[in-house]
$ cat upload.cif   # mmCIF, C-alpha atoms
data_model
#
loop_
_atom_site.label_atom_id
_atom_site.label_comp_id
_atom_site.auth_asym_id
_atom_site.auth_seq_id
_atom_site.Cartn_x
_atom_site.Cartn_y
_atom_site.Cartn_z
CA MET A 1462 109.13 113.38 90.95
CA ALA A 1463 109.77 109.89 89.65
CA THR A 1464 107.61 107.15 91.17
CA ASP A 1465 107.61 103.36 90.92
CA SER A 1466 105.48 103.42 87.79
CA SER A 1467 104.79 106.96 86.61
CA ARG A 1468 104.84 110.53 87.80
CA ASP A 1469 101.06 110.50 88.04
CA ALA A 1470 100.97 107.62 90.55
CA THR A 1471 100.11 108.34 94.18
CA PRO A 1472 103.10 107.70 96.45
CA THR A 1473 102.63 104.77 98.82
CA ALA A 1474 104.15 104.04 102.23
CA PRO A 1475 106.58 101.47 100.74
CA TRP A 1476 107.63 103.97 98.09
CA ILE A 1477 108.17 106.71 100.69
CA ARG A 1478 110.27 104.28 102.72
CA SER A 1479 112.28 103.35 99.63
CA ARG A 1480 113.31 106.98 99.20
CA LYS A 1481 115.68 106.69 102.16
CA GLY A 1482 119.10 107.78 100.95
CA SER A 1483 117.87 108.60 97.44
CA GLY A 1484 119.52 112.01 97.48
CA VAL A 1485 116.30 113.82 96.57
CA PRO A 1486 114.53 115.04 99.72
CA LEU A 1487 110.86 114.24 100.23
CA VAL A 1488 108.39 117.13 100.40
CA MET A 1489 105.39 117.22 102.72
CA VAL A 1490 103.01 120.11 103.38
CA THR A 1491 99.91 120.37 105.50
CA ALA A 1492 96.43 120.85 104.04
CA TYR A 1493 93.09 120.96 105.80
CA ASP A 1494 90.43 121.23 103.10
CA ALA A 1495 89.84 120.75 99.38
CA PRO A 1496 91.28 124.12 98.24
CA THR A 1497 94.57 123.71 100.11
CA ALA A 1498 94.76 120.08 98.95
CA ARG A 1499 94.41 121.22 95.34
CA VAL A 1500 97.23 123.74 95.84
CA ALA A 1501 99.49 121.06 97.31
CA ASP A 1502 98.59 118.72 94.48
CA ALA A 1503 99.33 121.33 91.81
CA ALA A 1504 102.64 122.11 93.52
CA ASP A 1505 103.67 118.43 93.15
CA VAL A 1506 104.51 117.62 96.76
CA ASP A 1507 104.97 114.00 97.82
CA MET A 1508 102.74 113.93 100.90
CA ILE A 1509 99.89 115.96 102.35
CA LEU A 1510 99.67 115.96 106.13
CA VAL A 1511 96.22 116.72 107.48
CA GLY A 1512 97.77 117.92 110.70
CA ASP A 1513 96.24 118.58 114.08
CA SER A 1514 97.87 121.98 113.60
CA LEU A 1515 94.48 122.82 112.10
CA ALA A 1516 93.54 123.54 115.73
CA MET A 1517 95.58 126.73 115.62
CA VAL A 1518 95.68 127.78 111.97
CA VAL A 1519 92.08 126.89 111.05
CA LEU A 1520 89.98 126.54 114.21
CA GLY A 1521 91.55 129.33 116.28
CA TYR A 1522 92.73 127.38 119.33
CA ASP A 1523 95.95 128.15 121.19
CA ASP A 1524 97.28 124.60 120.94
CA THR A 1525 96.47 121.23 119.36
CA LEU A 1526 94.87 119.67 122.43
CA GLN A 1527 91.32 120.73 121.59
CA VAL A 1528 91.09 118.79 118.32
CA THR A 1529 89.11 115.53 118.36
CA ILE A 1530 89.12 112.48 116.13
CA ASP A 1531 85.81 113.77 114.72
CA ASP A 1532 87.54 117.01 113.70
CA MET A 1533 90.40 115.12 112.10
CA ALA A 1534 88.14 112.75 110.16
CA HIS A 1535 86.12 115.73 108.93
CA HIS A 1536 89.19 117.50 107.56
CA VAL A 1537 90.80 114.35 106.15
CA ALA A 1538 87.59 113.75 104.20
CA ALA A 1539 87.62 117.32 102.88
CA VAL A 1540 91.19 116.88 101.64
CA ALA A 1541 90.42 113.48 100.13
CA ARG A 1542 87.47 114.85 98.13
CA ALA A 1543 89.96 116.91 96.12
CA LYS A 1544 91.47 113.59 94.96
CA PRO A 1545 95.06 114.85 95.23
CA ARG A 1546 97.93 112.75 93.87
CA PRO A 1547 100.14 113.16 96.99
CA MET A 1548 99.82 110.61 99.74
CA ILE A 1549 97.37 111.75 102.46
CA VAL A 1550 98.59 111.29 106.03
CA GLY A 1551 96.05 111.87 108.80
CA ASP A 1552 97.22 113.13 112.17
CA MET A 1553 95.94 111.22 115.19
CA PRO A 1554 94.94 113.83 117.78
CA TRP A 1555 95.55 113.89 121.49
CA MET A 1556 93.81 111.10 123.41
CA SER A 1557 92.96 109.15 120.24
CA PHE A 1558 95.78 106.62 120.83
CA HIS A 1559 96.56 106.98 124.54
CA LEU A 1560 93.87 104.96 126.31
CA SER A 1561 94.06 101.51 124.74
CA VAL A 1562 95.35 99.58 121.75
CA GLU A 1563 91.75 99.02 120.64
CA ASP A 1564 91.05 102.76 120.68
CA SER A 1565 94.22 103.41 118.72
CA VAL A 1566 93.33 100.99 115.93
CA ARG A 1567 89.70 102.10 115.83
CA ASN A 1568 90.64 105.78 115.54
CA ALA A 1569 93.33 105.11 112.94
CA ALA A 1570 90.73 103.22 110.91
CA ARG A 1571 88.41 106.23 111.08
CA LEU A 1572 91.03 108.38 109.38
CA VAL A 1573 91.63 105.74 106.72
CA ARG A 1574 87.90 105.44 106.05
CA ALA A 1575 87.81 109.25 105.74
CA GLY A 1576 90.46 109.10 103.01
CA ALA A 1577 93.92 108.89 104.57
CA SER A 1578 96.47 106.38 103.30
CA ALA A 1579 98.49 106.54 106.52
CA VAL A 1580 98.34 108.03 110.01
CA LYS A 1581 100.85 109.97 112.09
CA LEU A 1582 101.12 109.79 115.85
CA GLU A 1583 103.35 111.53 118.35
CA GLY A 1584 105.68 109.92 120.87
CA GLY A 1585 108.40 107.33 121.20
CA ARG A 1586 108.70 104.14 123.19
CA LYS A 1587 105.58 104.86 125.26
CA ARG A 1588 103.54 104.57 122.06
CA LEU A 1589 105.09 101.41 120.64
CA ASP A 1590 102.10 99.22 121.47
CA ALA A 1591 99.81 101.58 119.58
CA VAL A 1592 102.20 101.73 116.63
CA ARG A 1593 102.51 97.95 116.43
CA ALA A 1594 98.76 97.41 116.68
CA ILE A 1595 97.98 99.95 113.96
CA VAL A 1596 100.66 98.51 111.69
CA ASP A 1597 99.29 95.01 112.38
CA ALA A 1598 95.92 96.34 111.18
CA GLU A 1599 97.63 97.07 107.83
CA ILE A 1600 97.60 100.85 108.36
CA PRO A 1601 100.92 102.60 107.64
CA VAL A 1602 102.20 104.71 110.55
CA MET A 1603 104.42 107.79 110.50
CA GLY A 1604 106.15 108.59 113.80
CA HIS A 1605 106.78 112.01 115.32
CA LEU A 1606 109.59 112.85 117.77
CA GLY A 1607 111.29 115.91 119.25
CA LEU A 1608 108.83 118.68 119.98
CA THR A 1609 105.53 116.83 120.17
CA PRO A 1610 102.87 119.57 120.43
CA GLN A 1611 100.35 117.25 122.12
CA SER A 1612 102.83 117.08 125.02
CA VAL A 1613 103.17 120.86 125.28
CA ASN A 1614 102.10 120.96 128.94
CA ALA A 1615 104.48 118.18 129.95
CA LEU A 1616 107.33 119.76 127.98
CA GLY A 1617 106.74 123.19 129.50
CA GLY A 1618 105.93 124.92 126.23
CA PHE A 1619 106.95 124.89 122.60
CA ARG A 1620 110.69 124.41 123.06
CA VAL A 1621 113.56 122.87 121.14
CA GLN A 1622 114.11 119.28 122.28
CA GLY A 1623 117.28 117.21 122.49
CA LYS A 1624 119.68 119.99 123.46
CA GLU A 1625 121.15 117.96 126.32
CA LEU A 1626 123.05 114.70 125.77
CA ASP A 1627 120.59 112.44 127.59
CA ALA A 1628 117.61 113.99 125.81
CA ALA A 1629 119.37 113.65 122.45
CA ARG A 1630 120.15 110.00 123.10
CA ALA A 1631 116.52 109.38 124.08
CA ILE A 1632 115.34 110.81 120.75
CA VAL A 1633 117.74 108.55 118.86
CA ASP A 1634 116.65 105.51 120.86
CA ASP A 1635 112.97 106.37 120.32
CA ALA A 1636 113.52 106.75 116.59
CA VAL A 1637 115.19 103.34 116.34
CA ALA A 1638 112.35 101.79 118.34
CA LEU A 1639 109.68 103.40 116.13
CA ALA A 1640 111.39 102.15 112.98
CA GLU A 1641 111.62 98.64 114.45
CA ALA A 1642 107.93 98.81 115.36
CA GLY A 1643 107.09 99.43 111.70
CA CYS A 1644 106.92 103.19 111.12
CA PHE A 1645 107.57 103.97 107.46
CA ALA A 1646 108.85 107.51 108.21
CA ILE A 1647 109.51 109.72 111.24
CA VAL A 1648 108.90 113.45 111.66
CA LEU A 1649 111.57 115.26 113.69
CA GLU A 1650 110.34 118.58 115.04
CA CYS A 1651 112.43 121.31 116.65
CA VAL A 1652 115.62 119.38 117.37
CA PRO A 1653 119.22 120.50 116.79
CA ASP A 1654 120.54 119.60 113.35
CA ALA A 1655 123.28 117.40 114.85
CA VAL A 1656 120.64 115.31 116.61
CA ALA A 1657 118.55 115.06 113.45
CA ARG A 1658 121.61 113.94 111.52
CA VAL A 1659 122.37 111.15 114.02
CA VAL A 1660 118.74 110.00 113.93
CA THR A 1661 118.70 110.08 110.14
CA ASP A 1662 121.83 107.95 110.02
CA ALA A 1663 120.52 105.56 112.69
CA VAL A 1664 117.16 104.58 111.17
CA PRO A 1665 116.37 102.78 107.90
CA VAL A 1666 113.31 104.95 107.20
CA PRO A 1667 113.09 108.56 106.01
CA THR A 1668 113.17 111.37 108.53
CA ILE A 1669 111.01 114.41 107.76
CA GLY A 1670 112.25 117.57 109.40
CA ILE A 1671 110.44 120.64 110.65
CA GLY A 1672 112.89 122.84 112.45
CA ALA A 1673 115.42 120.00 112.38
CA GLY A 1674 117.94 121.23 109.83
CA ARG A 1675 118.86 120.11 106.35
CA HIS A 1676 120.22 116.64 107.10
CA CYS A 1677 116.79 114.97 107.20
CA ASP A 1678 115.47 112.90 104.30
CA GLY A 1679 112.64 115.36 103.73
CA GLN A 1680 110.99 118.54 104.98
CA VAL A 1681 107.48 119.60 106.02
CA LEU A 1682 105.94 122.99 106.74
CA VAL A 1683 102.48 124.14 107.75
CA PHE A 1684 100.66 125.50 104.69
CA HIS A 1685 99.43 128.64 106.44
CA ASP A 1686 102.96 129.43 107.63
CA LEU A 1687 104.74 129.04 104.32
CA VAL A 1688 102.17 131.07 102.34
CA GLY A 1689 101.79 133.76 105.01
CA LEU A 1690 98.13 133.18 105.88
CA ASP A 1691 98.91 132.90 109.60
CA ASP A 1692 101.41 135.43 110.91
CA ARG A 1693 100.62 135.30 114.63
CA MET A 1694 103.78 133.32 115.30
CA THR A 1695 106.89 133.05 113.18
CA PRO A 1696 109.02 130.10 114.29
CA LYS A 1697 112.69 130.31 113.38
CA PHE A 1698 112.37 127.39 110.96
CA VAL A 1699 109.58 128.91 108.86
CA ARG A 1700 110.43 130.43 105.50
CA ARG A 1701 107.55 132.44 104.05
CA TYR A 1702 107.15 132.02 100.31
CA ALA A 1703 104.17 134.36 99.98
CA ASP A 1704 102.20 136.95 101.94
CA LEU A 1705 98.66 135.80 101.25
CA LYS A 1706 97.17 137.37 104.37
CA ALA A 1707 98.29 140.82 103.25
CA ASP A 1708 97.14 140.17 99.67
CA ALA A 1709 93.76 138.87 100.86
CA THR A 1710 93.28 141.79 103.24
CA LEU A 1711 94.01 144.24 100.42
CA ALA A 1712 91.60 142.45 98.10
CA VAL A 1713 88.74 142.51 100.62
CA ALA A 1714 89.44 146.17 101.44
CA ARG A 1715 89.28 147.06 97.73
CA PHE A 1716 85.98 145.18 97.44
CA ALA A 1717 84.58 147.10 100.43
CA ASP A 1718 85.66 150.41 98.88
CA ASP A 1719 84.07 149.54 95.53
CA VAL A 1720 80.78 148.60 97.19
CA ARG A 1721 80.70 151.78 99.26
CA ASN A 1722 81.52 154.10 96.37
CA GLY A 1723 79.06 152.40 94.04
CA THR A 1724 81.49 150.97 91.49
CA PHE A 1725 80.65 147.34 92.32
CA PRO A 1726 78.89 145.67 90.66
CA SER A 1727 79.48 147.16 87.22
CA SER A 1728 77.19 146.67 84.25
CA ALA A 1729 79.48 143.90 82.99
CA GLU A 1730 79.04 142.09 86.32
CA THR A 1731 75.24 142.32 86.21
CA TYR A 1732 72.59 140.14 84.52
CA HIS A 1733 70.33 142.06 82.12
CA VAL A 1734 67.01 141.48 80.33
CA ALA A 1735 65.67 142.92 77.09
CA ASP A 1736 64.47 146.54 77.16
CA ASP A 1737 60.84 145.59 76.51
CA LEU A 1738 60.84 143.28 79.53
CA THR A 1739 62.39 146.03 81.62
CA GLU A 1740 59.63 148.40 80.55
CA ALA A 1741 56.96 145.78 81.31
CA LEU A 1742 58.43 145.18 84.77
CA GLU A 1743 58.54 148.90 85.47
CA LEU A 1744 54.93 149.25 84.35
CA TYR A 1745 53.91 146.31 86.53
CA GLY A 1746 55.66 147.88 89.48
CA THR A 1747 53.85 151.17 88.92
CA THR A 1748 50.48 149.42 88.58
CA THR A 1749 51.06 147.39 91.72
CA ALA A 1750 52.05 150.44 93.68
CA ASN A 1751 48.87 152.29 92.60
CA ALA A 1752 46.55 149.33 93.37
#
$ encode --input "upload.cif" --output "structure tokens"
Amino acid sequence: MATDSSRDATPTAPWIRSRKGSGVPLVMVTAYDAPTARVADAADVDMILVGDSLAMVVLGYDDTLQVTIDDMAHHVAAVARAKPRPMIVGDMPWMSFHLSVEDSVRNAARLVRAGASAVKLEGGRKRLDAVRAIVDAEIPVMGHLGLTPQSVNALGGFRVQGKELDAARAIVDDAVALAEAGCFAIVLECVPDAVARVVTDAVPVPTIGIGAGRHCDGQVLVFHDLVGLDDRMTPKFVRRYADLKADATLAVARFADDVRNGTFPSSAETYHVADDLTEALELYGTTTANA
């Protein structure tokens, strides 16, 4: 990836925005801790999203609504400690930007202080005041339209959005409004590819697709989905590039077998002392037992 100065430089919000129409799609992947951040870094992605999807793939919840700003700051900090080159985007969880502009800015600042370079928030025109206030606080904002998981109850489930003309037009209008409010990029989740293409053509900032087809300016997937660590659900848009859950299960099962049959640990995996010390320890043990 070529950056403004060198390949080793961390991408910035202005640089991400400048990639609009570059012909080389942007790459974003989620990460939730230092190990997954190091993997994303080594894989040379452009952005790491510390997503509220951690609710389901890390914390075991059924949806994203249980995650708090404390949870998000904790995981953003864990990712940041790995010092990855990709830009870190922190997800603003449900109810962290809904109550007031002051709350929105304060919570965005918490994620920045934890190590994020930008924040992402869900919603369109209803969230413009929050977007403008956070941008005015000099914090870059990434928008998120289409299937917004924090609205799962209002939407009636995890469903493709924008399939009807009015709904599609609303997504386009929301995207234009978010870009005008200062968003440097917009995630489009679970929308028909024709809708994503119209949005991509309509806004001057990059669109990042997840289940939105190939016409977006970039793509994002959840780390645990693409490496096969979480196989409870397999959305249509997920391509698995590994089967780490199966590999990890096999590895742990082999460890359990080796422990039970006495082949772990081996002599090579054990710390030893000189024979004379061994004899002295054995003698001491015998003397103690006879005392």
$ closest_residue --input "upload.cif" --among "A:Pro1665, A:Pro1653, A:Gly1689, A:Gly1584" --to "Met1553 of chain A" --atoms "only C-alpha atoms"
A:Gly1584
$ residues_around --input "upload.cif" --residues "Gly1607 of chain A" --least-positions-apart "5" --cutoff "7 Å" --atoms "all atoms listed in the file" --output "count of residues only"
7
$ resolve_selection --input "upload.cif" --expression "the PyMOL selection byres ((chain A and resi 1534-1538) around 12)" --output "ChimeraX atom specification"
/A:1491-1498,1509-1516,1519-1520,1528-1533,1539-1545,1548-1554,1557,1568-1580
$ residues_around --input "upload.cif" --residues "Ile1671 of chain A" --least-positions-apart "2" --cutoff "9 Å" --atoms "all atoms listed in the file" --output "short mmCIF file (atom, residue, chain, number, x, y, z; two decimals) with C-alpha atoms, in the frame of the given file"
data_model
loop_
_atom_site.label_atom_id
_atom_site.label_comp_id
_atom_site.auth_asym_id
_atom_site.auth_seq_id
_atom_site.Cartn_x
_atom_site.Cartn_y
_atom_site.Cartn_z
CA VAL A 1648 108.90 113.45 111.66
CA LEU A 1649 111.57 115.26 113.69
CA GLU A 1650 110.34 118.58 115.04
CA CYS A 1651 112.43 121.31 116.65
CA VAL A 1652 115.62 119.38 117.37
CA ILE A 1669 111.01 114.41 107.76
CA ALA A 1673 115.42 120.00 112.38
CA GLY A 1674 117.94 121.23 109.83
CA GLY A 1679 112.64 115.36 103.73
CA GLN A 1680 110.99 118.54 104.98
CA VAL A 1681 107.48 119.60 106.02
CA LEU A 1682 105.94 122.99 106.74
CA PHE A 1698 112.37 127.39 110.96
CA VAL A 1699 109.58 128.91 108.86
#
$ atom_distance --input "upload.cif" --atom1 "atom CA of Asp1523 of chain A" --atom2 "atom CA of Leu1560 of chain A"
23.8 Å
$ residues_near_point --input "upload.cif" --point "(102.1, 120.3, 117.5)" --cutoff "9 Å" --atoms "all atoms listed in the file" --output "PyMOL selection string"
chain A and resi 1512-1514+1524-1526+1583+1608-1613+1619+1650
$ write_last_selection --input "upload.cif" --atoms "C-alpha atoms" --output "PDB file, in the frame of the given file"
ATOM      1  CA  GLY A1512      97.770 117.920 110.700  1.00  0.00           C
ATOM      2  CA  ASP A1513      96.240 118.580 114.080  1.00  0.00           C
ATOM      3  CA  SER A1514      97.870 121.980 113.600  1.00  0.00           C
ATOM      4  CA  ASP A1524      97.280 124.600 120.940  1.00  0.00           C
ATOM      5  CA  THR A1525      96.470 121.230 119.360  1.00  0.00           C
ATOM      6  CA  LEU A1526      94.870 119.670 122.430  1.00  0.00           C
ATOM      7  CA  GLU A1583     103.350 111.530 118.350  1.00  0.00           C
ATOM      8  CA  LEU A1608     108.830 118.680 119.980  1.00  0.00           C
ATOM      9  CA  THR A1609     105.530 116.830 120.170  1.00  0.00           C
ATOM     10  CA  PRO A1610     102.870 119.570 120.430  1.00  0.00           C
ATOM     11  CA  GLN A1611     100.350 117.250 122.120  1.00  0.00           C
ATOM     12  CA  SER A1612     102.830 117.080 125.020  1.00  0.00           C
ATOM     13  CA  VAL A1613     103.170 120.860 125.280  1.00  0.00           C
ATOM     14  CA  PHE A1619     106.950 124.890 122.600  1.00  0.00           C
ATOM     15  CA  GLU A1650     110.340 118.580 115.040  1.00  0.00           C
TER      16      GLU A1650
END
$ atom_distance --input "upload.cif" --atom1 "atom CA of Leu1687 of chain A" --atom2 "atom CA of Val1602 of chain A"
25.2 Å
$ atom_distance --input "upload.cif" --atom1 "atom CA of Val1485 of chain A" --atom2 "atom CA of Pro1667 of chain A"
11.3 Å
$ resolve_selection --input "upload.cif" --expression "the PyMOL selection byres ((chain A and resi 1597) around 12)" --output "ChimeraX atom specification"
/A:1562-1563,1565-1566,1569-1570,1589-1596,1598-1602,1642-1644
$ write_last_selection --input "upload.cif" --atoms "C-alpha atoms" --output "CSV table (one decimal), keeping the file's coordinate frame"
chain,number,residue,atom,x,y,z
A,1562,VAL,CA,95.4,99.6,121.8
A,1563,GLU,CA,91.8,99.0,120.6
A,1565,SER,CA,94.2,103.4,118.7
A,1566,VAL,CA,93.3,101.0,115.9
A,1569,ALA,CA,93.3,105.1,112.9
A,1570,ALA,CA,90.7,103.2,110.9
A,1589,LEU,CA,105.1,101.4,120.6
A,1590,ASP,CA,102.1,99.2,121.5
A,1591,ALA,CA,99.8,101.6,119.6
A,1592,VAL,CA,102.2,101.7,116.6
A,1593,ARG,CA,102.5,98.0,116.4
A,1594,ALA,CA,98.8,97.4,116.7
A,1595,ILE,CA,98.0,100.0,114.0
A,1596,VAL,CA,100.7,98.5,111.7
A,1598,ALA,CA,95.9,96.3,111.2
A,1599,GLU,CA,97.6,97.1,107.8
A,1600,ILE,CA,97.6,100.8,108.4
A,1601,PRO,CA,100.9,102.6,107.6
A,1602,VAL,CA,102.2,104.7,110.6
A,1642,ALA,CA,107.9,98.8,115.4
A,1643,GLY,CA,107.1,99.4,111.7
A,1644,CYS,CA,106.9,103.2,111.1
$ closest_residue --input "upload.cif" --among "A:Leu1616, A:Val1488, A:Ala1636, A:Ala1712" --to "Arg1588 of chain A" --atoms "all atoms listed in the file"
A:Ala1636
$ axis_aligned_box --input "upload.cif" --around "segment 1633-1636 of chain A" --padding-each-side "6 Å" --output "AutoDock Vina command-line options"
--center_x 115.4 --center_y 107.0 --center_z 118.7 --size_x 16.8 --size_y 15.0 --size_z 16.3
$ closest_residue --input "upload.cif" --among "A:Ala1470, A:Leu1639, A:Val1633, A:Met1508" --to "Gly1585 of chain A" --atoms "only C-alpha atoms"
A:Leu1639
$ residues_around --input "upload.cif" --residues "Asp1678 of chain A" --least-positions-apart "6" --cutoff "10 Å" --atoms "all atoms listed in the file" --output "list in words"
Arg1480, Lys1481, Gly1482, Ser1483, Gly1484, Val1485, Pro1486, Leu1487, Val1488, Ala1646, Ile1647, Val1648, Ala1657, Arg1658, Thr1661, Asp1662, Val1666, Pro1667, Thr1668, Ile1669 and Gly1670 of chain A
$ write_last_selection --input "upload.cif" --atoms "C-alpha atoms" --output "PDB file, keeping the file's coordinate frame"
ATOM      1  CA  ARG A1480     113.310 106.980  99.200  1.00  0.00           C
ATOM      2  CA  LYS A1481     115.680 106.690 102.160  1.00  0.00           C
ATOM      3  CA  GLY A1482     119.100 107.780 100.950  1.00  0.00           C
ATOM      4  CA  SER A1483     117.870 108.600  97.440  1.00  0.00           C
ATOM      5  CA  GLY A1484     119.520 112.010  97.480  1.00  0.00           C
ATOM      6  CA  VAL A1485     116.300 113.820  96.570  1.00  0.00           C
ATOM      7  CA  PRO A1486     114.530 115.040  99.720  1.00  0.00           C
ATOM      8  CA  LEU A1487     110.860 114.240 100.230  1.00  0.00           C
ATOM      9  CA  VAL A1488     108.390 117.130 100.400  1.00  0.00           C
ATOM     10  CA  ALA A1646     108.850 107.510 108.210  1.00  0.00           C
ATOM     11  CA  ILE A1647     109.510 109.720 111.240  1.00  0.00           C
ATOM     12  CA  VAL A1648     108.900 113.450 111.660  1.00  0.00           C
ATOM     13  CA  ALA A1657     118.550 115.060 113.450  1.00  0.00           C
ATOM     14  CA  ARG A1658     121.610 113.940 111.520  1.00  0.00           C
ATOM     15  CA  THR A1661     118.700 110.080 110.140  1.00  0.00           C
ATOM     16  CA  ASP A1662     121.830 107.950 110.020  1.00  0.00           C
ATOM     17  CA  VAL A1666     113.310 104.950 107.200  1.00  0.00           C
ATOM     18  CA  PRO A1667     113.090 108.560 106.010  1.00  0.00           C
ATOM     19  CA  THR A1668     113.170 111.370 108.530  1.00  0.00           C
ATOM     20  CA  ILE A1669     111.010 114.410 107.760  1.00  0.00           C
ATOM     21  CA  GLY A1670     112.250 117.570 109.400  1.00  0.00           C
TER      22      GLY A1670
END
$ closest_residue --input "upload.cif" --among "A:Glu1730, A:Pro1472, A:Asp1704, A:Ala1655" --to "Phe1684 of chain A" --atoms "only C-alpha atoms"
A:Asp1704
$ decode --input "upload.cif" --residues "segment 1550-1567 of chain A" --atoms "N, CA and C atoms" --output "PDB file, in the first residue's frame"
ATOM      1  N   VAL A1550     -10.037   2.483  14.234  1.00  0.00           N
ATOM      2  CA  VAL A1550     -11.352   3.115  14.293  1.00  0.00           C
ATOM      3  C   VAL A1550     -12.134   2.451  15.425  1.00  0.00           C
ATOM      4  N   GLY A1551     -12.589   3.240  16.378  1.00  0.00           N
ATOM      5  CA  GLY A1551     -13.351   2.711  17.500  1.00  0.00           C
ATOM      6  C   GLY A1551     -14.848   2.855  17.275  1.00  0.00           C
ATOM      7  N   ASP A1552     -15.565   1.775  17.477  1.00  0.00           N
ATOM      8  CA  ASP A1552     -17.014   1.788  17.302  1.00  0.00           C
ATOM      9  C   ASP A1552     -17.691   2.421  18.516  1.00  0.00           C
ATOM     10  N   MET A1553     -18.608   3.343  18.288  1.00  0.00           N
ATOM     11  CA  MET A1553     -19.385   3.920  19.368  1.00  0.00           C
ATOM     12  C   MET A1553     -20.617   3.048  19.599  1.00  0.00           C
ATOM     13  N   PRO A1554     -20.744   2.479  20.793  1.00  0.00           N
ATOM     14  CA  PRO A1554     -21.825   1.521  21.034  1.00  0.00           C
ATOM     15  C   PRO A1554     -23.177   2.180  21.228  1.00  0.00           C
ATOM     16  N   TRP A1555     -24.190   1.353  21.273  1.00  0.00           N
ATOM     17  CA  TRP A1555     -25.559   1.804  21.471  1.00  0.00           C
ATOM     18  C   TRP A1555     -25.674   2.656  22.733  1.00  0.00           C
ATOM     19  N   MET A1556     -26.380   3.743  22.612  1.00  0.00           N
ATOM     20  CA  MET A1556     -26.657   4.708  23.680  1.00  0.00           C
ATOM     21  C   MET A1556     -25.446   5.549  24.086  1.00  0.00           C
ATOM     22  N   SER A1557     -24.368   5.489  23.329  1.00  0.00           N
ATOM     23  CA  SER A1557     -23.209   6.346  23.627  1.00  0.00           C
ATOM     24  C   SER A1557     -23.259   7.651  22.847  1.00  0.00           C
ATOM     25  N   PHE A1558     -24.206   7.763  21.877  1.00  0.00           N
ATOM     26  CA  PHE A1558     -24.311   8.991  21.085  1.00  0.00           C
ATOM     27  C   PHE A1558     -25.771   9.335  20.787  1.00  0.00           C
ATOM     28  N   HIS A1559     -26.688   8.811  21.606  1.00  0.00           N
ATOM     29  CA  HIS A1559     -28.112   8.983  21.359  1.00  0.00           C
ATOM     30  C   HIS A1559     -28.769  10.025  22.271  1.00  0.00           C
ATOM     31  N   LEU A1560     -28.197  10.273  23.432  1.00  0.00           N
ATOM     32  CA  LEU A1560     -28.883  11.072  24.439  1.00  0.00           C
ATOM     33  C   LEU A1560     -28.646  12.568  24.298  1.00  0.00           C
ATOM     34  N   SER A1561     -27.417  12.955  23.961  1.00  0.00           N
ATOM     35  CA  SER A1561     -27.109  14.379  23.825  1.00  0.00           C
ATOM     36  C   SER A1561     -25.833  14.550  23.023  1.00  0.00           C
ATOM     37  N   VAL A1562     -25.660  15.739  22.476  1.00  0.00           N
ATOM     38  CA  VAL A1562     -24.421  16.070  21.770  1.00  0.00           C
ATOM     39  C   VAL A1562     -23.238  15.991  22.715  1.00  0.00           C
ATOM     40  N   GLU A1563     -23.422  16.454  23.950  1.00  0.00           N
ATOM     41  CA  GLU A1563     -22.326  16.427  24.924  1.00  0.00           C
ATOM     42  C   GLU A1563     -21.884  15.000  25.210  1.00  0.00           C
ATOM     43  N   ASP A1564     -22.844  14.108  25.397  1.00  0.00           N
ATOM     44  CA  ASP A1564     -22.513  12.696  25.605  1.00  0.00           C
ATOM     45  C   ASP A1564     -21.745  12.128  24.408  1.00  0.00           C
ATOM     46  N   SER A1565     -22.196  12.480  23.231  1.00  0.00           N
ATOM     47  CA  SER A1565     -21.572  11.960  22.009  1.00  0.00           C
ATOM     48  C   SER A1565     -20.104  12.358  21.936  1.00  0.00           C
ATOM     49  N   VAL A1566     -19.808  13.615  22.173  1.00  0.00           N
ATOM     50  CA  VAL A1566     -18.430  14.095  22.109  1.00  0.00           C
ATOM     51  C   VAL A1566     -17.596  13.480  23.223  1.00  0.00           C
ATOM     52  N   ARG A1567     -18.168  13.432  24.421  1.00  0.00           N
ATOM     53  CA  ARG A1567     -17.439  12.881  25.565  1.00  0.00           C
ATOM     54  C   ARG A1567     -17.078  11.407  25.318  1.00  0.00           C
TER      55      ARG A1567
END
